[in-house]
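Contents: one structure, followed by commentary.
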Amino acid sequence: MTTVPSLRTLPPRVRTALPIVVPALIAAVDALLVNGPKPGLDLGVSLAAAVVLLWRRRFPLVVFAATLPGIYIGYIWFAPMIALYTVATLRTDRRLLVGAAALLAAAHFLPYPISHLSFADRRDVAIQFVDACVTAATPVALGLLTRTRRELGARLDELTRSRAREDRLLADQVLATERARLAREMHDVVAHQVSLISLQAGAVQISTGDEQAREGARRIRELSVRTLEELRHMVGILRAAGADTEELTPQPRLADLPRLIELSALDVTYENACAPEAARSEAVERAAFRTVQEALTNARKHAPGARVRVRLAEDAAETLLVEIRNGPPDATVPAPGLPGGGHGLVGLRERAQSLGGTLDAHATREGGFVVRAGFPREG
């Protein structure tokens, strides 16, 4: 059993030539069937109308005008109707289309020669007029429909490409948000832990009498400083853009503050004046915890040996108030010499604002530093 090959299996040149050659062949067959094989004026103009269809896409108006003698003299239909269909698909001027349709209707309605025109049989004249109008309107309607389908297809393709671009932009935005959140968490968690390691190593270096242990503590401090420098570089890369959304993994809350203060190796006074049964959103408690953590890290780096006071309270509007205040540094305690990335307080302020809260940080008259933040109950 043989199968007819589809257009997609044909060579590209053949697929391009078929829509041009086939209409011309159909018009030529129409000319031979209507006028017969006997040479004459009617057959000549009809075949000429069929041949000029080969250039209908390049010169649609000229080809249409060349096919009108074929319908007027040779009484053929296909060549002028195909030419008018091409004009309708390629030209957007409605007045031009109406004029071309009127010419085709006139060439179809008027007899050749014009002296044979008679209105004696009004019924026959009316039928011929209606037939001429339908013959002229049909290719115009089909051409407009084809052009509309092409325009809709092009708009659909444009919408599809636009949707794909939007999806890529959304994916990039989500990626940027995750990178920004990862950078903030890296700064809050890793910097805190590494600075604590450096502080403990500095304490060992000062208190121990073993030279080998002192050298090991010194190397630990150097590695801690180098690690924080690498962390600062990574944070600068990751903090491209974005804002807080839901966290990927569970994060610490206010109930974890006592443990954080215990491990901070600082002289911290902790006061919690909030109601134990107060219900707050996870985002608010996490932001408050990160605020305390960053403030303790800054106190450890910039005010070694200073006393720190951490206080939690609520106002009449049930706003969670967080205050971390440290005094001036102790001159007898060596500074850990830890590098700062400059993103800590900026990230805390951005997080507070995203929750509808506020954050203020400034130096005190006594030479210390204070960080105050306020968070609504449902941030």
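Residue numbering restarts at 1 for every chain of the structure tokens, chains are lettered A, B, ... in their displayed order, and ligands are numbered from 1 as they appear.
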
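If you count only C-alpha atoms and ignore residues fewer than 3 places along the chain from Ala317 of chain A, what sits within 9 Å of it is Glu314, Leu320, Pro376 and Arg377 of chain A.
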
Residue contacts of Asp267 of chain A (8 Å, only C-alpha atoms) excluding same-chain residues fewer than 2 positions away, as a JSON list (two decimals) with all heavy atoms, in the first residue's frame:
[["chain", "number", "residue", "atom", "x", "y", "z"],
["A", 265, "ALA", "N", 29.88, 34.50, 74.97],
["A", 265, "ALA", "CA", 31.12, 34.82, 75.70],
["A", 265, "ALA", "C", 31.22, 36.31, 76.00],
["A", 265, "ALA", "O", 32.30, 36.88, 76.03],
["A", 265, "ALA", "CB", 32.34, 34.35, 74.91],
["A", 269, "THR", "N", 23.39, 41.14, 80.11],
["A", 269, "THR", "CA", 22.21, 41.15, 80.99],
["A", 269, "THR", "C", 20.97, 41.04, 80.11],
["A", 269, "THR", "O", 20.75, 41.89, 79.23],
["A", 269, "THR", "CB", 22.16, 42.44, 81.82],
["A", 269, "THR", "OG1", 23.35, 42.55, 82.60],
["A", 269, "THR", "CG2", 20.95, 42.44, 82.73],
["A", 305, "GLY", "N", 35.04, 43.32, 75.73],
["A", 305, "GLY", "CA", 35.01, 43.52, 77.17],
["A", 305, "GLY", "C", 33.90, 44.41, 77.66],
["A", 305, "GLY", "O", 33.78, 44.62, 78.88],
["A", 306, "ALA", "N", 33.07, 44.96, 76.79],
["A", 306, "ALA", "CA", 32.00, 45.86, 77.21],
["A", 306, "ALA", "C", 30.82, 45.07, 77.75],
["A", 306, "ALA", "O", 30.57, 43.93, 77.36],
["A", 306, "ALA", "CB", 31.55, 46.73, 76.04],
["A", 307, "ARG", "N", 30.08, 45.69, 78.64],
["A", 307, "ARG", "CA", 28.87, 45.09, 79.15],
["A", 307, "ARG", "C", 27.73, 45.34, 78.15],
["A", 307, "ARG", "O", 27.62, 46.42, 77.58],
["A", 307, "ARG", "CB", 28.51, 45.69, 80.51],
["A", 307, "ARG", "CG", 29.49, 45.31, 81.62],
["A", 307, "ARG", "CD", 29.02, 45.83, 82.96],
["A", 307, "ARG", "NE", 29.92, 45.41, 84.03],
["A", 307, "ARG", "CZ", 29.71, 45.69, 85.32],
["A", 307, "ARG", "NH1", 28.63, 46.39, 85.67],
["A", 307, "ARG", "NH2", 30.57, 45.27, 86.24],
["A", 308, "VAL", "N", 26.90, 44.32, 78.03],
["A", 308, "VAL", "CA", 25.82, 44.39, 77.04],
["A", 308, "VAL", "C", 24.50, 44.13, 77.76],
["A", 308, "VAL", "O", 24.41, 43.26, 78.65],
["A", 308, "VAL", "CB", 26.01, 43.35, 75.92],
["A", 308, "VAL", "CG1", 24.92, 43.49, 74.87],
["A", 308, "VAL", "CG2", 27.39, 43.52, 75.27]]

Check segment 186-332 of chain A with DSSP on the backbone and list each residue it calls strand (DSSP E), as JSON, numbers by chain.
-> {"A": [267, 268, 269, 270, 271, 272, 307, 308, 309, 310, 311, 312, 313, 314, 320, 321, 322, 323, 324, 325, 326]}

For the residues in that selection, give me C-alpha atoms as a PDB file, in the first residue's frame.
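The file below, out.pdb, is the result:
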ATOM      1  CA  ASP A 267      28.905  40.032  79.786  1.00  0.00           C
ATOM      2  CA  VAL A 268      25.215  40.179  78.869  1.00  0.00           C
ATOM      3  CA  THR A 269      22.209  41.145  80.990  1.00  0.00           C
ATOM      4  CA  TYR A 270      19.027  39.723  79.515  1.00  0.00           C
ATOM      5  CA  GLU A 271      15.573  41.160  80.323  1.00  0.00           C
ATOM      6  CA  ASN A 272      12.360  39.823  78.836  1.00  0.00           C
ATOM      7  CA  ARG A 307      28.867  45.095  79.153  1.00  0.00           C
ATOM      8  CA  VAL A 308      25.816  44.387  77.043  1.00  0.00           C
ATOM      9  CA  ARG A 309      22.154  44.693  77.920  1.00  0.00           C
ATOM     10  CA  VAL A 310      19.468  42.904  75.884  1.00  0.00           C
ATOM     11  CA  ARG A 311      15.888  43.904  76.615  1.00  0.00           C
ATOM     12  CA  LEU A 312      12.586  42.736  75.125  1.00  0.00           C
ATOM     13  CA  ALA A 313       9.325  44.552  75.827  1.00  0.00           C
ATOM     14  CA  GLU A 314       5.893  45.366  74.389  1.00  0.00           C
ATOM     15  CA  LEU A 320       7.660  43.987  70.064  1.00  0.00           C
ATOM     16  CA  LEU A 321      10.494  46.274  71.172  1.00  0.00           C
ATOM     17  CA  VAL A 322      14.065  44.975  71.046  1.00  0.00           C
ATOM     18  CA  GLU A 323      16.964  46.969  72.488  1.00  0.00           C
ATOM     19  CA  ILE A 324      20.620  45.919  72.596  1.00  0.00           C
ATOM     20  CA  ARG A 325      22.887  48.401  74.336  1.00  0.00           C
ATOM     21  CA  ASN A 326      26.604  48.006  75.018  1.00  0.00           C
TER      22      ASN A 326
END

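The nearest approach to Leu68 of chain A among the residues A:Ala48, A:Ala107, A:Leu43, A:Ala28, with only C-alpha atoms taken into account, belongs to A:Ala107.
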
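Interatomic distance, atom CA of Leu257 of chain A to atom CA of Gln193 of chain A: 14.6 Å.
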
Would you mind listing what lies within 12 Å of Ala352 of chain A as a PyMOL selection string, with only C-alpha atoms counted and same-chain residues fewer than 3 positions away left out?
-> chain A and resi 243-244+283-291+320-322+345-349+355-360+372-376+379
